[in-house]
$ cat run26.cif   # mmCIF, C-alpha atoms
data_target
#
loop_
_atom_site.label_atom_id
_atom_site.label_comp_id
_atom_site.auth_asym_id
_atom_site.auth_seq_id
_atom_site.Cartn_x
_atom_site.Cartn_y
_atom_site.Cartn_z
CA MET V 230 -21.62 -2.68 6.40
CA ARG V 231 -22.64 -0.72 9.47
CA SER V 232 -26.07 0.91 9.55
CA ILE V 233 -26.47 4.68 9.95
CA LYS V 234 -27.68 4.09 13.52
CA GLU V 235 -24.45 2.26 14.32
CA MET V 236 -22.40 5.04 12.74
CA LEU V 237 -24.22 7.69 14.77
CA ALA V 238 -23.76 5.66 17.94
CA ALA V 239 -20.05 5.41 17.21
CA ASN V 240 -19.96 9.18 16.63
CA HIS V 241 -21.62 9.84 20.00
CA GLN V 242 -19.17 7.52 21.68
CA TRP V 243 -16.23 9.27 20.06
CA ALA V 244 -17.50 12.77 20.96
CA GLN V 245 -18.10 11.71 24.57
CA SER V 246 -14.62 10.21 24.86
CA LYS V 247 -13.08 13.45 23.55
CA VAL V 248 -14.92 15.55 26.15
CA GLU V 249 -13.98 13.15 28.92
CA GLN V 250 -10.30 13.45 27.96
CA ASP V 251 -10.45 17.22 27.42
CA PRO V 252 -13.63 19.19 28.35
CA GLN V 253 -12.47 22.17 26.24
CA TYR V 254 -11.74 20.12 23.09
CA PHE V 255 -14.78 21.09 21.00
CA ILE V 256 -14.90 24.61 22.42
CA ARG V 257 -11.41 25.24 21.05
CA ALA V 258 -12.14 23.44 17.78
CA ALA V 259 -15.25 25.56 17.15
CA GLN V 260 -13.43 28.88 17.54
CA GLU V 261 -11.23 28.78 14.42
CA GLN V 262 -9.09 26.52 12.31
CA SER V 263 -5.35 26.98 11.96
CA PRO V 264 -4.14 24.01 9.93
CA GLU V 265 -0.48 23.17 9.53
CA LEU V 266 -0.86 21.88 6.02
CA LEU V 267 -3.02 21.50 2.94
CA TRP V 268 -3.21 17.85 1.92
CA ILE V 269 -4.02 17.12 -1.72
CA GLY V 270 -4.57 13.39 -1.88
CA CYS V 271 -6.46 10.55 -3.49
CA ALA V 272 -10.07 9.80 -2.62
CA ASP V 273 -9.07 6.16 -2.00
CA SER V 274 -10.63 5.01 1.29
CA ARG V 275 -7.30 3.52 2.43
CA VAL V 276 -5.41 6.83 2.32
CA GLY V 277 -6.80 9.07 5.06
CA PRO V 278 -4.28 11.82 5.91
CA ASP V 279 -5.11 12.17 9.61
CA LYS V 280 -4.29 8.49 10.14
CA LEU V 281 -1.12 8.57 8.02
CA ILE V 282 0.64 11.43 9.78
CA GLY V 283 -0.98 11.40 13.21
CA LEU V 284 -2.07 15.04 13.39
CA PRO V 285 -5.14 16.00 15.45
CA MET V 286 -8.43 17.35 14.10
CA GLY V 287 -8.01 20.91 12.85
CA SER V 288 -4.41 20.43 11.70
CA ILE V 289 -5.06 19.40 8.10
CA PHE V 290 -6.98 21.24 5.39
CA VAL V 291 -7.93 18.48 2.94
CA HIS V 292 -8.67 18.24 -0.77
CA ARG V 293 -9.13 14.76 -2.20
CA ASN V 294 -10.13 13.42 -5.59
CA ILE V 295 -9.54 10.39 -7.81
CA GLY V 296 -5.83 10.26 -8.61
CA ASN V 297 -4.75 13.13 -6.29
CA LEU V 298 -4.87 15.62 -9.18
CA PHE V 299 -4.43 19.37 -9.04
CA ALA V 300 -6.10 20.37 -12.27
CA THR V 301 -5.30 23.94 -13.28
CA ASN V 302 -8.75 24.32 -14.88
CA ASP V 303 -10.66 22.88 -11.92
CA LEU V 304 -12.34 25.61 -9.87
CA ASN V 305 -12.65 23.30 -6.86
CA SER V 306 -8.89 22.70 -6.70
CA LEU V 307 -8.11 26.37 -7.29
CA ALA V 308 -10.57 27.55 -4.64
CA VAL V 309 -9.12 25.15 -2.05
CA LEU V 310 -5.55 26.27 -2.80
CA GLU V 311 -6.47 29.96 -2.73
CA TYR V 312 -8.36 29.68 0.57
CA ALA V 313 -5.61 27.60 2.18
CA ILE V 314 -2.81 30.00 1.22
CA ASP V 315 -4.46 33.42 1.15
CA GLU V 316 -6.92 33.05 4.03
CA LEU V 317 -5.60 30.29 6.31
CA LYS V 318 -1.91 31.02 5.61
CA VAL V 319 -1.15 27.30 5.53
CA PRO V 320 2.66 26.94 5.33
CA ASN V 321 2.82 23.44 3.84
CA VAL V 322 1.13 21.98 0.77
CA ILE V 323 1.49 18.22 0.40
CA VAL V 324 0.59 16.27 -2.72
CA CYS V 325 0.31 12.61 -1.73
CA GLY V 326 -0.15 9.82 -4.24
CA HIS V 327 -0.09 6.13 -3.46
CA TYR V 328 1.04 2.86 -4.95
CA GLY V 329 -1.80 0.64 -6.09
CA CYS V 330 -3.85 3.68 -7.11
CA GLY V 331 -7.01 2.63 -8.95
CA GLY V 332 -7.13 5.91 -10.82
CA VAL V 333 -3.61 5.48 -12.16
CA HIS V 334 -4.37 1.88 -13.10
CA ALA V 335 -7.54 2.90 -14.94
CA ALA V 336 -5.60 5.57 -16.83
CA LEU V 337 -3.13 2.90 -17.95
CA MET V 338 -5.76 0.37 -18.97
CA HIS V 339 -8.49 2.19 -20.86
CA SER V 340 -10.07 5.46 -21.89
CA GLY V 341 -13.63 6.54 -22.56
CA THR V 342 -16.11 9.39 -22.34
CA GLN V 343 -17.54 8.86 -18.85
CA PRO V 344 -16.75 11.59 -16.28
CA VAL V 345 -14.10 9.49 -14.52
CA ASP V 346 -12.41 8.69 -17.86
CA LEU V 347 -12.29 12.36 -18.83
CA TRP V 348 -10.88 13.23 -15.40
CA LEU V 349 -8.16 10.58 -15.76
CA ASP V 350 -7.08 11.94 -19.14
CA GLN V 351 -4.76 14.15 -17.11
CA ILE V 352 -2.86 11.05 -15.98
CA ARG V 353 -2.89 9.65 -19.52
CA PHE V 354 -1.12 12.81 -20.69
CA ILE V 355 1.59 12.17 -18.07
CA HIS V 356 1.87 8.57 -19.28
CA HIS V 357 2.27 9.77 -22.87
CA ARG V 358 5.03 12.25 -21.89
CA HIS V 359 7.00 9.50 -20.15
CA LYS V 360 6.12 6.66 -22.51
CA ALA V 361 9.72 5.67 -23.27
CA GLU V 362 10.63 5.30 -19.59
CA LEU V 363 7.40 3.53 -18.65
CA SER V 364 7.43 1.12 -21.60
CA ALA V 365 10.72 -0.34 -20.37
CA LEU V 366 9.12 -1.45 -17.08
CA ASP V 367 6.98 -4.47 -16.23
CA LYS V 368 3.31 -4.00 -15.41
CA GLU V 369 3.61 -3.51 -11.64
CA ALA V 370 6.67 -1.27 -11.86
CA ARG V 371 4.98 0.82 -14.57
CA TRP V 372 1.92 1.30 -12.35
CA ASP V 373 4.08 2.39 -9.41
CA ARG V 374 6.28 4.68 -11.49
CA LEU V 375 3.32 6.41 -13.11
CA ALA V 376 1.91 7.08 -9.61
CA GLU V 377 5.22 8.80 -8.74
CA LEU V 378 5.31 10.77 -12.00
CA ASN V 379 1.73 11.86 -11.36
CA VAL V 380 2.72 13.31 -7.98
CA LYS V 381 5.60 15.13 -9.66
CA ALA V 382 3.24 16.62 -12.26
CA GLN V 383 0.79 17.84 -9.61
CA VAL V 384 3.59 19.44 -7.58
CA HIS V 385 4.65 21.19 -10.78
CA ASN V 386 1.08 22.39 -11.42
CA ILE V 387 0.87 23.85 -7.91
CA CYS V 388 4.26 25.55 -8.01
CA ARG V 389 3.55 27.25 -11.33
CA ASN V 390 0.14 28.44 -10.16
CA THR V 391 -0.27 32.17 -9.64
CA ILE V 392 -1.62 31.67 -6.10
CA VAL V 393 1.62 30.04 -4.93
CA ARG V 394 3.93 32.28 -6.97
CA GLU V 395 2.30 35.43 -5.59
CA ALA V 396 2.64 34.09 -2.04
CA TRP V 397 6.33 33.40 -2.61
CA LYS V 398 6.77 36.85 -4.13
CA ARG V 399 5.40 38.54 -1.01
CA GLY V 400 7.61 36.42 1.26
CA GLN V 401 4.93 34.13 2.62
CA GLU V 402 6.07 30.68 3.72
CA VAL V 403 4.74 28.04 1.35
CA ASN V 404 6.47 24.67 1.13
CA VAL V 405 5.19 22.40 -1.64
CA ILE V 406 6.05 18.74 -1.02
CA GLY V 407 5.42 15.56 -2.99
CA LEU V 408 5.01 12.24 -1.17
CA ILE V 409 3.83 8.76 -2.05
CA TYR V 410 2.18 6.25 0.26
CA ASN V 411 2.84 2.53 0.16
CA ILE V 412 -0.42 0.77 0.97
CA HIS V 413 1.50 -2.48 1.52
CA ASP V 414 3.51 -1.29 4.53
CA GLY V 415 1.79 1.94 5.60
CA LEU V 416 4.85 4.13 5.00
CA LEU V 417 5.16 7.50 3.30
CA LYS V 418 8.09 8.05 0.96
CA GLN V 419 9.77 11.29 -0.07
CA LEU V 420 10.25 11.79 -3.80
CA GLY V 421 12.79 14.61 -3.76
CA LEU V 422 10.02 17.09 -4.49
CA GLU V 423 10.26 19.88 -1.93
CA PHE V 424 10.09 23.52 -2.98
CA SER V 425 10.01 26.59 -0.74
CA SER V 426 10.54 29.33 -3.34
CA GLN V 427 10.17 30.05 -7.01
CA ALA V 428 13.96 29.94 -7.40
CA GLU V 429 14.09 26.39 -5.97
CA TRP V 430 11.30 25.27 -8.26
CA GLU V 431 12.81 26.89 -11.36
CA ALA V 432 16.19 25.31 -10.61
CA CYS V 433 14.50 21.92 -10.90
CA TYR V 434 11.94 22.55 -13.63
CA GLY V 435 13.45 25.44 -15.53
#
$ encode --input "run26.cif" --output "structure tokens"
Amino acid sequence: MRSIKEMLAANHQWAQSKVEQDPQYFIRAAQEQSPELLWIGCADSRVGPDKLIGLPMGSIFVHRNIGNLFATNDLNSLAVLEYAIDELKVPNVIVCGHYGCGGVHAALMHSGTQPVDLWLDQIRFIHHRHKAELSALDKEARWDRLAELNVKAQVHNICRNTIVREAWKRGQEVNVIGLIYNIHDGLLKQLGLEFSSQAEWEACYG
């Protein structure tokens, strides 16, 4: 593990290289942010959004937690969504799960009363709703499929949220998209979860 001195040295090197390439880089970055998307992803260290989609600093407004959940009773999630849509006018909201997710695996394997266990109850509820489908799969396939179903559930939670529905009602562009990342090959996969209006969402979920 690198020491804090090594991390700071790397930071200084990076900042210097940015200025050498573009002297106005940090001047522009400090003025305002105008991100292209809100990324709701897993806290897993292998799933950093800037690396996955190659967008520069300032392009992604990020919210990450264990299991890429959008909990409708979580003030943190709600505040991030509200600020992204109402203040930053972010046009795209991406929920990105990933195969091999430790949170999904933990939800499959055990439950308890520790904070992480209580948080993962939300994934256990999804597992319970789809028990018949998931029970027919082997262990690895069940883990992968639950990760996909979890993304679907979070997209649903976002689309039914008042913040998004009010934005759609006033004609604001908000595209809610569900993706999953394969940690084995580095590729993102579409899940057929792309909604740009309440009518589109209701046609799928209604």
$ residues_around --input "run26.cif" --residues "Arg353 in chain V" --least-positions-apart "3" --cutoff "9 Å" --atoms "all atoms listed in the file" --output "ChimeraX atom specification"
/V:333,336-337,340,349-350,356-358
$ residues_around --input "run26.cif" --residues "range 253-262 of chain V" --least-positions-apart "2" --cutoff "9 Å" --atoms "only C-alpha atoms" --output "number ranges by chain"
V: 244, 247-248, 250-251, 264, 286-288, 290, 317
$ residues_near_point --input "run26.cif" --point "(-6.8, 16.0, -11.1)" --cutoff "12 Å" --atoms "only C-alpha atoms" --output "number ranges by chain"
V: 269-272, 292-307, 324, 326, 332-333, 336, 345-355, 379-380, 382-384, 386-387
$ atom_distance --input "run26.cif" --atom1 "CA of Tyr312 in chain V" --atom2 "CA of Ala428 in chain V"
23.7 Å
$ closest_residue --input "run26.cif" --among "V:Glu431, V:Ile323, V:Ser364, V:Lys234" --to "Gln419 in chain V" --atoms "all atoms listed in the file"
V:Ile323
$ closest_atom_pairs --input "run26.cif" --of "range 240-347 of chain V" --to "range 365-374 of chain V" --cutoff "9 Å" --atoms "only C-alpha atoms" --output "tab-separated table"
residue	atom	partner	partner_atom	distance
V:His327	CA	V:Asp373	CA	8.2
V:Tyr328	CA	V:Asp373	CA	5.4
V:Gly329	CA	V:Asp373	CA	7.0
V:Cys330	CA	V:Trp372	CA	8.1
V:Val333	CA	V:Trp372	CA	6.9
V:His334	CA	V:Trp372	CA	6.4
V:Leu337	CA	V:Trp372	CA	7.7
$ resolve_selection --input "run26.cif" --expression "the PyMOL selection byres ((chain V and resi 322) around 12)" --output "MDAnalysis selection string"
chainID V and resid 264:270 289:292 299 309:311 313:314 318:321 323:325 383:384 387:388 393 402:408 422:425
$ closest_residue --input "run26.cif" --among "V:Ala308, V:Leu237, V:Leu363, V:Ile409" --to "Gly421 in chain V" --atoms "all atoms listed in the file"
V:Ile409
$ decode --input "run26.cif" --residues "range 394-407 of chain V" --atoms "all heavy atoms" --output "PDB file, in the first residue's frame"
ATOM      1  N   ARG V 394     -40.394  12.482 -11.782  1.00  0.00           N
ATOM      2  CA  ARG V 394     -41.716  12.630 -12.402  1.00  0.00           C
ATOM      3  C   ARG V 394     -42.082  14.101 -12.601  1.00  0.00           C
ATOM      4  O   ARG V 394     -42.679  14.467 -13.617  1.00  0.00           O
ATOM      5  CB  ARG V 394     -42.752  11.899 -11.565  1.00  0.00           C
ATOM      6  CG  ARG V 394     -42.527  10.391 -11.584  1.00  0.00           C
ATOM      7  CD  ARG V 394     -43.436   9.648 -10.653  1.00  0.00           C
ATOM      8  NE  ARG V 394     -44.809   9.672 -11.131  1.00  0.00           N
ATOM      9  CZ  ARG V 394     -45.703   8.736 -10.802  1.00  0.00           C
ATOM     10  NH1 ARG V 394     -45.366   7.728 -10.038  1.00  0.00           N
ATOM     11  NH2 ARG V 394     -46.940   8.822 -11.247  1.00  0.00           N
ATOM     12  N   GLU V 395     -41.707  14.942 -11.639  1.00  0.00           N
ATOM     13  CA  GLU V 395     -41.972  16.382 -11.790  1.00  0.00           C
ATOM     14  C   GLU V 395     -41.121  16.979 -12.908  1.00  0.00           C
ATOM     15  O   GLU V 395     -41.579  17.854 -13.650  1.00  0.00           O
ATOM     16  CB  GLU V 395     -41.710  17.101 -10.466  1.00  0.00           C
ATOM     17  CG  GLU V 395     -42.764  16.853  -9.405  1.00  0.00           C
ATOM     18  CD  GLU V 395     -44.144  17.333  -9.829  1.00  0.00           C
ATOM     19  OE1 GLU V 395     -44.247  18.469 -10.347  1.00  0.00           O
ATOM     20  OE2 GLU V 395     -45.123  16.580  -9.664  1.00  0.00           O
ATOM     21  N   ALA V 396     -39.895  16.515 -13.036  1.00  0.00           N
ATOM     22  CA  ALA V 396     -39.028  16.995 -14.129  1.00  0.00           C
ATOM     23  C   ALA V 396     -39.619  16.607 -15.474  1.00  0.00           C
ATOM     24  O   ALA V 396     -39.655  17.420 -16.417  1.00  0.00           O
ATOM     25  CB  ALA V 396     -37.626  16.417 -13.970  1.00  0.00           C
ATOM     26  N   TRP V 397     -40.065  15.373 -15.604  1.00  0.00           N
ATOM     27  CA  TRP V 397     -40.712  14.934 -16.847  1.00  0.00           C
ATOM     28  C   TRP V 397     -41.964  15.756 -17.135  1.00  0.00           C
ATOM     29  O   TRP V 397     -42.213  16.154 -18.273  1.00  0.00           O
ATOM     30  CB  TRP V 397     -41.068  13.453 -16.741  1.00  0.00           C
ATOM     31  CG  TRP V 397     -39.920  12.523 -17.008  1.00  0.00           C
ATOM     32  CD1 TRP V 397     -38.778  12.797 -17.709  1.00  0.00           C
ATOM     33  CD2 TRP V 397     -39.803  11.151 -16.594  1.00  0.00           C
ATOM     34  NE1 TRP V 397     -37.962  11.697 -17.760  1.00  0.00           N
ATOM     35  CE2 TRP V 397     -38.566  10.668 -17.086  1.00  0.00           C
ATOM     36  CE3 TRP V 397     -40.614  10.301 -15.854  1.00  0.00           C
ATOM     37  CZ2 TRP V 397     -38.143   9.358 -16.870  1.00  0.00           C
ATOM     38  CZ3 TRP V 397     -40.194   8.992 -15.632  1.00  0.00           C
ATOM     39  CH2 TRP V 397     -38.964   8.534 -16.133  1.00  0.00           C
ATOM     40  N   LYS V 398     -42.730  16.036 -16.087  1.00  0.00           N
ATOM     41  CA  LYS V 398     -43.986  16.774 -16.254  1.00  0.00           C
ATOM     42  C   LYS V 398     -43.736  18.177 -16.812  1.00  0.00           C
ATOM     43  O   LYS V 398     -44.521  18.685 -17.617  1.00  0.00           O
ATOM     44  CB  LYS V 398     -44.720  16.861 -14.908  1.00  0.00           C
ATOM     45  CG  LYS V 398     -46.146  17.362 -15.003  1.00  0.00           C
ATOM     46  CD  LYS V 398     -46.795  17.488 -13.626  1.00  0.00           C
ATOM     47  CE  LYS V 398     -46.938  16.128 -12.959  1.00  0.00           C
ATOM     48  NZ  LYS V 398     -47.652  16.258 -11.650  1.00  0.00           N
ATOM     49  N   ARG V 399     -42.643  18.792 -16.386  1.00  0.00           N
ATOM     50  CA  ARG V 399     -42.355  20.151 -16.873  1.00  0.00           C
ATOM     51  C   ARG V 399     -41.547  20.156 -18.176  1.00  0.00           C
ATOM     52  O   ARG V 399     -41.108  21.202 -18.646  1.00  0.00           O
ATOM     53  CB  ARG V 399     -41.658  20.972 -15.804  1.00  0.00           C
ATOM     54  CG  ARG V 399     -40.321  20.481 -15.327  1.00  0.00           C
ATOM     55  CD  ARG V 399     -39.715  21.413 -14.273  1.00  0.00           C
ATOM     56  NE  ARG V 399     -38.452  20.885 -13.757  1.00  0.00           N
ATOM     57  CZ  ARG V 399     -38.322  20.242 -12.611  1.00  0.00           C
ATOM     58  NH1 ARG V 399     -39.383  20.062 -11.838  1.00  0.00           N
ATOM     59  NH2 ARG V 399     -37.142  19.797 -12.219  1.00  0.00           N
ATOM     60  N   GLY V 400     -41.318  18.968 -18.741  1.00  0.00           N
ATOM     61  CA  GLY V 400     -40.650  18.877 -20.036  1.00  0.00           C
ATOM     62  C   GLY V 400     -39.146  18.854 -19.988  1.00  0.00           C
ATOM     63  O   GLY V 400     -38.480  18.991 -21.022  1.00  0.00           O
ATOM     64  N   GLN V 401     -38.582  18.673 -18.810  1.00  0.00           N
ATOM     65  CA  GLN V 401     -37.127  18.627 -18.677  1.00  0.00           C
ATOM     66  C   GLN V 401     -36.611  17.277 -19.171  1.00  0.00           C
ATOM     67  O   GLN V 401     -37.213  16.227 -18.920  1.00  0.00           O
ATOM     68  CB  GLN V 401     -36.730  18.834 -17.213  1.00  0.00           C
ATOM     69  CG  GLN V 401     -35.233  18.875 -16.971  1.00  0.00           C
ATOM     70  CD  GLN V 401     -34.913  19.177 -15.519  1.00  0.00           C
ATOM     71  OE1 GLN V 401     -35.700  19.808 -14.806  1.00  0.00           O
ATOM     72  NE2 GLN V 401     -33.754  18.737 -15.063  1.00  0.00           N
ATOM     73  N   GLU V 402     -35.470  17.305 -19.850  1.00  0.00           N
ATOM     74  CA  GLU V 402     -34.877  16.062 -20.326  1.00  0.00           C
ATOM     75  C   GLU V 402     -34.246  15.296 -19.167  1.00  0.00           C
ATOM     76  O   GLU V 402     -33.317  15.765 -18.519  1.00  0.00           O
ATOM     77  CB  GLU V 402     -33.801  16.338 -21.387  1.00  0.00           C
ATOM     78  CG  GLU V 402     -33.183  15.048 -21.928  1.00  0.00           C
ATOM     79  CD  GLU V 402     -32.041  15.273 -22.894  1.00  0.00           C
ATOM     80  OE1 GLU V 402     -31.647  16.443 -23.098  1.00  0.00           O
ATOM     81  OE2 GLU V 402     -31.536  14.276 -23.443  1.00  0.00           O
ATOM     82  N   VAL V 403     -34.767  14.107 -18.926  1.00  0.00           N
ATOM     83  CA  VAL V 403     -34.182  13.194 -17.942  1.00  0.00           C
ATOM     84  C   VAL V 403     -34.285  11.785 -18.522  1.00  0.00           C
ATOM     85  O   VAL V 403     -35.372  11.267 -18.730  1.00  0.00           O
ATOM     86  CB  VAL V 403     -34.916  13.238 -16.580  1.00  0.00           C
ATOM     87  CG1 VAL V 403     -34.278  12.244 -15.609  1.00  0.00           C
ATOM     88  CG2 VAL V 403     -34.905  14.636 -15.991  1.00  0.00           C
ATOM     89  N   ASN V 404     -33.155  11.201 -18.801  1.00  0.00           N
ATOM     90  CA  ASN V 404     -33.092   9.832 -19.314  1.00  0.00           C
ATOM     91  C   ASN V 404     -32.544   8.936 -18.212  1.00  0.00           C
ATOM     92  O   ASN V 404     -31.431   9.150 -17.739  1.00  0.00           O
ATOM     93  CB  ASN V 404     -32.174   9.760 -20.537  1.00  0.00           C
ATOM     94  CG  ASN V 404     -32.551  10.773 -21.599  1.00  0.00           C
ATOM     95  OD1 ASN V 404     -33.649  10.753 -22.127  1.00  0.00           O
ATOM     96  ND2 ASN V 404     -31.647  11.693 -21.894  1.00  0.00           N
ATOM     97  N   VAL V 405     -33.332   7.962 -17.792  1.00  0.00           N
ATOM     98  CA  VAL V 405     -32.912   7.040 -16.739  1.00  0.00           C
ATOM     99  C   VAL V 405     -32.517   5.719 -17.400  1.00  0.00           C
ATOM    100  O   VAL V 405     -33.311   5.115 -18.123  1.00  0.00           O
ATOM    101  CB  VAL V 405     -34.034   6.817 -15.704  1.00  0.00           C
ATOM    102  CG1 VAL V 405     -33.530   5.934 -14.559  1.00  0.00           C
ATOM    103  CG2 VAL V 405     -34.534   8.154 -15.160  1.00  0.00           C
ATOM    104  N   ILE V 406     -31.290   5.292 -17.151  1.00  0.00           N
ATOM    105  CA  ILE V 406     -30.702   4.161 -17.883  1.00  0.00           C
ATOM    106  C   ILE V 406     -30.100   3.162 -16.897  1.00  0.00           C
ATOM    107  O   ILE V 406     -29.403   3.549 -15.958  1.00  0.00           O
ATOM    108  CB  ILE V 406     -29.599   4.664 -18.842  1.00  0.00           C
ATOM    109  CG1 ILE V 406     -30.175   5.693 -19.826  1.00  0.00           C
ATOM    110  CG2 ILE V 406     -28.943   3.506 -19.593  1.00  0.00           C
ATOM    111  CD1 ILE V 406     -29.133   6.593 -20.463  1.00  0.00           C
ATOM    112  N   GLY V 407     -30.344   1.884 -17.135  1.00  0.00           N
ATOM    113  CA  GLY V 407     -29.759   0.833 -16.316  1.00  0.00           C
ATOM    114  C   GLY V 407     -28.686   0.077 -17.074  1.00  0.00           C
ATOM    115  O   GLY V 407     -28.924  -0.398 -18.187  1.00  0.00           O
TER     116      GLY V 407
END
